[in-house]
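**Q** My structure is stored as run-v6.cif, with mmCIF, C-alpha atoms.
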data_upload
#
loop_
_atom_site.group_PDB
_atom_site.id
_atom_site.type_symbol
_atom_site.label_atom_id
_atom_site.label_comp_id
_atom_site.auth_asym_id
_atom_site.auth_seq_id
_atom_site.Cartn_x
_atom_site.Cartn_y
_atom_site.Cartn_z
ATOM 1 C CA MET A 1 -0.180 19.476 -24.864
ATOM 2 C CA LYS A 2 -0.112 20.000 -28.603
ATOM 3 C CA GLY A 3 0.919 16.908 -30.507
ATOM 4 C CA TYR A 4 0.745 14.375 -27.654
ATOM 5 C CA TYR A 5 -1.726 12.005 -29.320
ATOM 6 C CA THR A 6 -0.035 12.237 -32.697
ATOM 7 C CA LEU A 7 3.316 11.507 -31.061
ATOM 8 C CA ARG A 8 1.806 8.622 -29.101
ATOM 9 C CA LYS A 9 0.504 7.104 -32.340
ATOM 10 C CA ILE A 10 3.893 7.489 -34.055
ATOM 11 C CA ILE A 11 5.775 5.983 -31.115
ATOM 12 C CA MET A 12 3.376 3.050 -30.716
ATOM 13 C CA GLU A 13 3.537 2.261 -34.444
ATOM 14 C CA ARG A 14 7.317 2.379 -34.306
ATOM 15 C CA LEU A 15 7.413 0.061 -31.283
ATOM 16 C CA GLN A 16 4.976 -2.333 -32.918
ATOM 17 C CA ASN A 17 6.816 -2.438 -36.242
ATOM 18 C CA GLU A 18 10.456 -2.161 -35.210
ATOM 19 C CA LEU A 19 10.906 -4.000 -31.898
ATOM 20 C CA SER A 20 12.420 -7.459 -32.160
ATOM 21 C CA GLN A 21 10.087 -10.380 -31.474
ATOM 22 C CA ASP A 22 12.817 -11.622 -29.106
ATOM 23 C CA LEU A 23 11.938 -8.839 -26.674
ATOM 24 C CA HIS A 24 9.426 -10.808 -24.611
ATOM 25 C CA TYR A 25 9.621 -8.252 -21.788
ATOM 26 C CA HIS A 26 10.636 -4.991 -23.475
ATOM 27 C CA GLY A 27 7.814 -5.172 -26.024
ATOM 28 C CA MET A 28 5.048 -2.701 -26.693
ATOM 29 C CA HIS A 29 2.994 -4.395 -23.948
ATOM 30 C CA HIS A 30 5.533 -3.136 -21.372
ATOM 31 C CA THR A 31 5.112 0.450 -22.567
ATOM 32 C CA LEU A 32 1.318 0.085 -22.427
ATOM 33 C CA ASP A 33 1.543 -1.390 -18.927
ATOM 34 C CA ALA A 34 3.760 1.517 -17.854
ATOM 35 C CA LEU A 35 1.228 4.041 -19.216
ATOM 36 C CA LYS A 36 -1.561 2.317 -17.283
ATOM 37 C CA THR A 37 0.617 2.240 -14.169
ATOM 38 C CA CYS A 38 1.349 5.947 -14.668
ATOM 39 C CA ASP A 39 -2.354 6.682 -14.242
ATOM 40 C CA LEU A 40 -2.281 4.877 -10.890
ATOM 41 C CA TYR A 41 0.713 6.909 -9.712
ATOM 42 C CA LEU A 42 -0.907 10.148 -10.884
ATOM 43 C CA ARG A 43 -3.908 9.409 -8.666
ATOM 44 C CA HIS A 44 -1.585 9.287 -5.647
ATOM 45 C CA ILE A 45 1.135 11.803 -6.536
ATOM 46 C CA LYS A 46 -0.243 15.200 -7.434
ATOM 47 C CA ILE A 47 1.560 16.982 -10.236
ATOM 48 C CA ASN A 48 0.278 19.530 -12.755
ATOM 49 C CA SER A 49 -1.152 18.438 -16.105
ATOM 50 C CA HIS A 50 1.847 19.712 -18.084
ATOM 51 C CA ASP A 51 4.272 17.615 -16.017
ATOM 52 C CA ALA A 52 1.904 14.640 -16.281
ATOM 53 C CA GLN A 53 2.085 14.875 -20.087
ATOM 54 C CA LEU A 54 5.877 15.109 -19.978
ATOM 55 C CA LEU A 55 5.911 12.007 -17.772
ATOM 56 C CA ARG A 56 3.667 10.138 -20.213
ATOM 57 C CA LEU A 57 5.916 11.107 -23.110
ATOM 58 C CA GLY A 58 8.936 9.927 -21.141
ATOM 59 C CA ILE A 59 7.195 6.588 -20.632
ATOM 60 C CA LEU A 60 6.290 6.322 -24.309
ATOM 61 C CA PHE A 61 9.916 6.969 -25.304
ATOM 62 C CA HIS A 62 11.720 5.155 -22.483
ATOM 63 C CA ASP A 63 12.308 1.883 -24.375
ATOM 64 C CA ILE A 64 12.187 3.134 -27.975
ATOM 65 C CA GLY A 65 15.979 2.774 -28.128
ATOM 66 C CA PHE A 66 15.404 -0.997 -28.324
ATOM 67 C CA THR A 67 14.290 -0.379 -31.916
ATOM 68 C CA VAL A 68 17.962 0.405 -32.606
ATOM 69 C CA SER A 69 19.911 -1.776 -30.162
ATOM 70 C CA ASN A 70 19.643 -3.705 -26.898
ATOM 71 C CA GLU A 71 22.816 -1.963 -25.711
ATOM 72 C CA GLU A 72 22.686 1.593 -24.384
ATOM 73 C CA HIS A 73 19.037 1.696 -25.399
ATOM 74 C CA GLU A 74 18.290 4.598 -23.048
ATOM 75 C CA TYR A 75 20.903 6.781 -24.746
ATOM 76 C CA LYS A 76 19.714 5.742 -28.212
ATOM 77 C CA GLY A 77 16.123 6.379 -27.161
ATOM 78 C CA SER A 78 17.026 9.852 -25.923
ATOM 79 C CA ILE A 79 18.415 10.698 -29.374
ATOM 80 C CA ILE A 80 15.234 9.448 -31.074
ATOM 81 C CA ALA A 81 13.099 11.414 -28.608
ATOM 82 C CA ARG A 82 15.067 14.636 -29.025
ATOM 83 C CA ASP A 83 14.815 14.391 -32.809
ATOM 84 C CA LEU A 84 11.098 13.635 -32.884
ATOM 85 C CA LEU A 85 10.169 16.204 -30.205
ATOM 86 C CA THR A 86 12.147 18.881 -32.068
ATOM 87 C CA GLN A 87 10.149 18.091 -35.221
ATOM 88 C CA PHE A 88 6.982 18.727 -33.181
ATOM 89 C CA ASP A 89 8.326 22.098 -31.983
ATOM 90 C CA PHE A 90 8.520 21.156 -28.304
ATOM 91 C CA LYS A 91 10.285 23.698 -26.109
ATOM 92 C CA THR A 92 13.915 22.880 -25.367
ATOM 93 C CA LYS A 93 13.275 22.746 -21.613
ATOM 94 C CA ASP A 94 10.465 20.196 -22.101
ATOM 95 C CA ILE A 95 12.646 18.096 -24.413
ATOM 96 C CA ASP A 96 15.398 18.181 -21.774
ATOM 97 C CA VAL A 97 12.938 16.946 -19.126
ATOM 98 C CA ILE A 98 11.785 14.056 -21.347
ATOM 99 C CA VAL A 99 15.371 13.097 -22.217
ATOM 100 C CA GLY A 100 16.198 13.170 -18.493
ATOM 101 C CA LEU A 101 13.257 10.837 -17.834
ATOM 102 C CA ILE A 102 14.468 8.343 -20.435
ATOM 103 C CA LEU A 103 18.061 8.379 -19.167
ATOM 104 C CA SER A 104 17.002 8.048 -15.518
ATOM 105 C CA THR A 105 15.579 4.566 -16.191
ATOM 106 C CA LYS A 106 19.056 3.166 -16.923
ATOM 107 C CA ILE A 107 19.994 0.481 -14.387
ATOM 108 C CA PRO A 108 21.172 1.267 -11.769
ATOM 109 C CA GLN A 109 18.575 3.997 -11.648
ATOM 110 C CA SER A 110 19.656 7.440 -10.491
ATOM 111 C CA PRO A 111 16.648 9.772 -10.608
ATOM 112 C CA LYS A 112 17.160 13.385 -9.580
ATOM 113 C CA THR A 113 13.685 14.940 -9.855
ATOM 114 C CA LEU A 114 10.157 13.984 -8.809
ATOM 115 C CA LEU A 115 9.239 13.071 -12.393
ATOM 116 C CA GLU A 116 12.384 10.935 -12.701
ATOM 117 C CA ASN A 117 11.533 9.230 -9.399
ATOM 118 C CA MET A 118 8.075 8.527 -10.760
ATOM 119 C CA ILE A 119 9.171 7.062 -14.098
ATOM 120 C CA CYS A 120 11.752 4.853 -12.397
ATOM 121 C CA ASP A 121 9.125 3.453 -10.028
ATOM 122 C CA ILE A 122 6.566 3.080 -12.811
ATOM 123 C CA ASP A 123 9.067 1.259 -15.027
ATOM 124 C CA LEU A 124 9.813 -1.333 -12.313
ATOM 125 C CA ASP A 125 6.436 -1.255 -10.570
ATOM 126 C CA TYR A 126 5.908 -4.966 -11.295
ATOM 127 C CA LEU A 127 8.663 -5.902 -8.812
ATOM 128 C CA GLY A 128 6.115 -5.339 -6.057
ATOM 129 C CA ARG A 129 2.957 -6.502 -7.801
ATOM 130 C CA SER A 130 0.956 -9.706 -7.868
ATOM 131 C CA ASP A 131 1.878 -10.292 -11.527
ATOM 132 C CA PHE A 132 5.609 -10.341 -10.689
ATOM 133 C CA TYR A 133 6.167 -13.983 -11.651
ATOM 134 C CA GLU A 134 4.342 -13.696 -14.966
ATOM 135 C CA ILE A 135 6.308 -10.595 -15.977
ATOM 136 C CA SER A 136 9.563 -11.997 -14.629
ATOM 137 C CA GLU A 137 9.049 -15.076 -16.807
ATOM 138 C CA SER A 138 8.833 -12.850 -19.888
ATOM 139 C CA LEU A 139 12.125 -11.198 -18.946
ATOM 140 C CA TYR A 140 13.704 -14.631 -18.407
ATOM 141 C CA GLU A 141 12.581 -15.677 -21.909
ATOM 142 C CA GLU A 142 14.034 -12.462 -23.347
ATOM 143 C CA LEU A 143 17.380 -12.942 -21.605
ATOM 144 C CA GLN A 144 17.598 -16.550 -22.770
ATOM 145 C CA VAL A 145 17.585 -15.242 -26.342
ATOM 146 C CA THR A 146 19.478 -11.967 -25.939
ATOM 147 C CA ILE A 147 22.283 -12.937 -23.548
ATOM 148 C CA GLY A 148 22.090 -16.731 -23.517
ATOM 149 C CA LEU A 149 20.860 -17.142 -19.947
ATOM 150 C CA LYS A 150 20.872 -20.903 -19.415
ATOM 151 C CA ASN A 151 18.606 -21.947 -16.569
ATOM 152 C CA LYS A 152 15.921 -20.876 -14.125
ATOM 153 C CA ASN A 153 18.129 -21.287 -11.050
ATOM 154 C CA ASP A 154 20.672 -18.813 -12.444
ATOM 155 C CA TRP A 155 17.810 -16.485 -13.311
ATOM 156 C CA ASN A 156 16.435 -16.658 -9.770
ATOM 157 C CA LYS A 157 19.876 -15.800 -8.363
ATOM 158 C CA ILE A 158 20.036 -12.787 -10.690
ATOM 159 C CA GLN A 159 16.549 -11.747 -9.622
ATOM 160 C CA VAL A 160 17.348 -11.892 -5.909
ATOM 161 C CA LYS A 161 20.492 -9.829 -6.423
ATOM 162 C CA PHE A 162 18.562 -7.291 -8.517
ATOM 163 C CA LEU A 163 15.610 -7.080 -6.117
ATOM 164 C CA GLU A 164 17.877 -6.595 -3.119
ATOM 165 C CA ALA A 165 19.825 -3.811 -4.867
ATOM 166 C CA HIS A 166 16.707 -2.087 -6.212
ATOM 167 C CA GLN A 167 14.994 0.700 -4.319
ATOM 168 C CA TYR A 168 11.728 2.484 -4.916
ATOM 169 C CA HIS A 169 11.849 6.269 -4.844
ATOM 170 C CA THR A 170 8.317 7.611 -4.359
ATOM 171 C CA ASP A 171 6.388 7.366 -1.103
ATOM 172 C CA PHE A 172 3.587 5.620 -2.990
ATOM 173 C CA ALA A 173 5.819 2.812 -4.275
ATOM 174 C CA ILE A 174 7.670 2.474 -0.973
ATOM 175 C CA LYS A 175 4.351 1.999 0.817
ATOM 176 C CA LYS A 176 2.457 -0.024 -1.811
ATOM 177 C CA ARG A 177 5.171 -2.015 -3.651
ATOM 178 C CA GLN A 178 8.133 -2.480 -1.324
ATOM 179 C CA PRO A 179 6.379 -4.939 1.064
ATOM 180 C CA GLU A 180 5.392 -7.245 -1.825
ATOM 181 C CA LYS A 181 8.872 -6.966 -3.320
ATOM 182 C CA GLU A 182 10.320 -8.126 0.012
ATOM 183 C CA LYS A 183 8.030 -11.167 -0.131
ATOM 184 C CA ARG A 184 9.274 -12.009 -3.643
ATOM 185 C CA ILE A 185 12.872 -11.906 -2.387
ATOM 186 C CA GLU A 186 12.082 -14.396 0.391
ATOM 187 C CA GLU A 187 10.096 -16.651 -1.959
ATOM 188 C CA LEU A 188 12.894 -16.719 -4.516
ATOM 189 C CA LYS A 189 15.550 -17.414 -1.894
ATOM 190 C CA LYS A 190 13.610 -20.504 -0.829
ATOM 191 C CA ILE A 191 13.628 -22.047 -4.301
ATOM 192 C CA ILE A 192 17.233 -21.268 -5.266
ATOM 193 C CA GLU A 193 19.472 -24.299 -5.379
ATOM 194 C CA PRO A 194 23.085 -23.804 -4.166
#
For the file at hand, write its structure as structure tokens.
**A**
Amino acid sequence: MKGYYTLRKIIMERLQNELSQDLHYHGMHHTLDALKTCDLYLRHIKINSHDAQLLRLGILFHDIGFTVSNEEHEYKGSIIARDLLTQFDFKTKDIDVIVGLILSTKIPQSPKTLLENMICDIDLDYLGRSDFYEISESLYEELQVTIGLKNKNDWNKIQVKFLEAHQYHTDFAIKKRQPEKEKRIEELKKIIEP
């Protein structure tokens, strides 16, 4: 796809230079992790190379709205993406797909296509991974700063509620991530104080 690597460089520089240092979870490292995770999903879910590039662009853009605001960042990111992709002469239908990918990651997720299912699962893949606690700690640190979350017990209650409400969408994630996510729910329930 013409322009992918140039766009990737522009997006990564923007994330590196414009994201707040308070974003311990939603930093550039999350976008890089999501790109790496995308490769794993693409080994298990067969899609054509054009759609794979659209998915990667959706991942690159999915949190760029945080460079503008923590609120409605998906919507703000979709505006940034549409503007930048138009400058690179992307077809309208491809821009619409990428914007749909960005918007589908808004919580609660509501994906409507295979690519949207994939990006939603990729974005929250860590919920069913062995590095869950490490990544969850970074989100806790971010929420302490951004919304004033006070203590770990409250955070664990929020996590249980979120994990129980969350659902994976692709067969791959349901098979490979859901069982570990269920274990995290039980582990967290055991350490929550009333």
**Q** Neighbours of range 117-123 of chain A within 9 Å (only C-alpha atoms; same-chain residues fewer than 3 positions away dropped), as a PyMOL selection string?
**A** chain A and resi 30-31+33-35+37-38+41+45+55-56+58-59+62+101-102+104-106+109-114+126+167-170+173
**Q** Between CA of Thr67 in chain A and CA of Glu18 in chain A, what is the spacing in Å?
**A**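 So the answer is 5.4 Å.
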**Q** Pick out the closest residue to Gly128 in chain A from this set: A:Lys76, A:Arg184, A:His26, A:Arg8. Count only C-alpha atoms.
**A**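 Closest to Gly128 in chain A, using only C-alpha atoms: A:Arg184.
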**Q** Please identify all polymer residues lying at most 9 Å from the point (13.6, -16.8, -10.6) (file coordinates), using only C-alpha atoms, and present the result as an MDAnalysis selection string.
**A** chainID A and resid 133 136:137 140 152:160 188:189 191:192
**Q** Residues within 9 Å of range 79-96 of chain A, please, as a VMD selection string. Count only C-alpha atoms; anything in the same chain fewer than 6 positions from it doesn't count.
**A** chain A and resid 2 to 3 7 54 58 61 to 62 64 to 65 102
**Q** Record the distance separating CA of Glu141 in chain A and CA of His29 in chain A, expressed in Å with one decimal.
**A**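 Answer for the CA of Glu141 in chain A to CA of His29 in chain A separation: 14.9 Å.
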**Q** Just to confirm, what's the straight-line distance from CA of Ser130 in chain A to CA of Glu187 in chain A in Å (one decimal)?
**A**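 It comes out at 12.9 Å.
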**Q** I'd like to know which of A:Leu124, A:Gln178, A:Leu139, A:Leu32 is closest to Gln16 in chain A, using all atoms listed in the file.
**A**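 Using all atoms listed in the file, the shortest distance to Gln16 in chain A belongs to A:Leu32.
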**Q** Range 40-52 of chain A, all listed atoms, 3 Å padding on each side: what axis-aligned box centre and edge lengths in Å to one decimal come out, as lines of an AutoDock Vina configuration file?
**A**
center_x = 0.2
center_y = 12.3
center_z = -11.9
size_x = 14.2
size_y = 20.8
size_z = 18.4
**Q** I need the output of the PyMOL selection byres ((chain A and resi 66) around 9) for this file as a ChimeraX atom specification; which residues are they?
**A** /A:15,18-20,23,26-27,63-65,67-74,76-77
**Q** Select, from A:Asp171, A:Val145, A:Lys190, A:Arg177, the residue with the minimum atom-to-atom distance to Gln21 in chain A, counting all atoms listed in the file.
**A** A:Val145
**Q** Could you write range 127-152 of chain A as a compact mmCIF listing (two decimals), keeping the file's coordinate frame, with N, CA, C and O atoms rebuilt where they are missing?
**A**
# COMPACT_ATOMS: atom_id res chain seq x y z
N LEU A 127 7.85 -5.21 -9.83
CA LEU A 127 8.66 -5.90 -8.81
C LEU A 127 7.89 -6.09 -7.51
O LEU A 127 8.18 -7.02 -6.75
N GLY A 128 6.91 -5.24 -7.28
CA GLY A 128 6.12 -5.34 -6.06
C GLY A 128 4.64 -5.59 -6.32
O GLY A 128 3.78 -5.20 -5.53
N ARG A 129 4.36 -6.24 -7.44
CA ARG A 129 2.96 -6.50 -7.80
C ARG A 129 2.67 -7.99 -7.81
O ARG A 129 3.58 -8.83 -7.84
N SER A 130 1.38 -8.30 -7.87
CA SER A 130 0.96 -9.71 -7.87
C SER A 130 1.29 -10.42 -9.18
O SER A 130 1.38 -11.64 -9.20
N ASP A 131 1.51 -9.66 -10.25
CA ASP A 131 1.88 -10.29 -11.53
C ASP A 131 3.40 -10.39 -11.71
O ASP A 131 3.88 -10.58 -12.83
N PHE A 132 4.14 -10.28 -10.64
CA PHE A 132 5.61 -10.34 -10.69
C PHE A 132 6.11 -11.58 -11.44
O PHE A 132 6.95 -11.47 -12.33
N TYR A 133 5.62 -12.76 -11.07
CA TYR A 133 6.17 -13.98 -11.65
C TYR A 133 5.88 -14.09 -13.15
O TYR A 133 6.73 -14.52 -13.92
N GLU A 134 4.70 -13.67 -13.54
CA GLU A 134 4.34 -13.70 -14.97
C GLU A 134 5.26 -12.77 -15.77
O GLU A 134 5.79 -13.14 -16.82
N ILE A 135 5.47 -11.56 -15.28
CA ILE A 135 6.31 -10.60 -15.98
C ILE A 135 7.78 -11.02 -15.92
O ILE A 135 8.51 -10.93 -16.91
N SER A 136 8.19 -11.53 -14.78
CA SER A 136 9.56 -12.00 -14.63
C SER A 136 9.87 -13.14 -15.60
O SER A 136 10.96 -13.24 -16.14
N GLU A 137 8.88 -13.97 -15.85
CA GLU A 137 9.05 -15.08 -16.81
C GLU A 137 9.31 -14.53 -18.20
O GLU A 137 10.13 -15.06 -18.96
N SER A 138 8.61 -13.44 -18.56
CA SER A 138 8.83 -12.85 -19.89
C SER A 138 10.24 -12.27 -20.01
O SER A 138 10.88 -12.35 -21.06
N LEU A 139 10.76 -11.71 -18.92
CA LEU A 139 12.12 -11.20 -18.95
C LEU A 139 13.12 -12.35 -19.03
O LEU A 139 14.13 -12.26 -19.75
N TYR A 140 12.85 -13.44 -18.33
CA TYR A 140 13.70 -14.63 -18.41
C TYR A 140 13.78 -15.14 -19.85
O TYR A 140 14.86 -15.41 -20.37
N GLU A 141 12.62 -15.23 -20.51
CA GLU A 141 12.58 -15.68 -21.91
C GLU A 141 13.39 -14.74 -22.81
O GLU A 141 14.10 -15.19 -23.72
N GLU A 142 13.27 -13.44 -22.55
CA GLU A 142 14.03 -12.46 -23.35
C GLU A 142 15.53 -12.64 -23.14
O GLU A 142 16.31 -12.63 -24.10
N LEU A 143 15.95 -12.82 -21.90
CA LEU A 143 17.38 -12.94 -21.60
C LEU A 143 17.96 -14.27 -22.09
O LEU A 143 19.15 -14.35 -22.41
N GLN A 144 17.13 -15.29 -22.18
CA GLN A 144 17.60 -16.55 -22.77
C GLN A 144 18.05 -16.32 -24.21
O GLN A 144 19.07 -16.85 -24.64
N VAL A 145 17.28 -15.51 -24.94
CA VAL A 145 17.58 -15.24 -26.34
C VAL A 145 18.69 -14.19 -26.49
O VAL A 145 19.61 -14.36 -27.26
N THR A 146 18.58 -13.11 -25.71
CA THR A 146 19.48 -11.97 -25.94
C THR A 146 20.86 -12.12 -25.32
O THR A 146 21.84 -11.62 -25.88
N ILE A 147 20.95 -12.79 -24.16
CA ILE A 147 22.28 -12.94 -23.55
C ILE A 147 22.66 -14.40 -23.29
O ILE A 147 23.71 -14.67 -22.74
N GLY A 148 21.77 -15.31 -23.66
CA GLY A 148 22.09 -16.73 -23.52
C GLY A 148 21.96 -17.26 -22.10
O GLY A 148 22.65 -18.21 -21.73
N LEU A 149 21.10 -16.65 -21.31
CA LEU A 149 20.86 -17.14 -19.95
C LEU A 149 20.41 -18.60 -20.02
O LEU A 149 19.52 -18.94 -20.80
N LYS A 150 21.03 -19.46 -19.22
CA LYS A 150 20.87 -20.90 -19.42
C LYS A 150 19.75 -21.56 -18.62
O LYS A 150 19.06 -22.42 -19.12
N ASN A 151 19.60 -21.20 -17.35
CA ASN A 151 18.61 -21.95 -16.57
C ASN A 151 17.90 -21.08 -15.54
O ASN A 151 18.37 -20.00 -15.18
N LYS A 152 16.80 -21.60 -15.05
CA LYS A 152 15.92 -20.88 -14.12
C LYS A 152 16.62 -20.60 -12.80
O LYS A 152 16.40 -19.55 -12.19
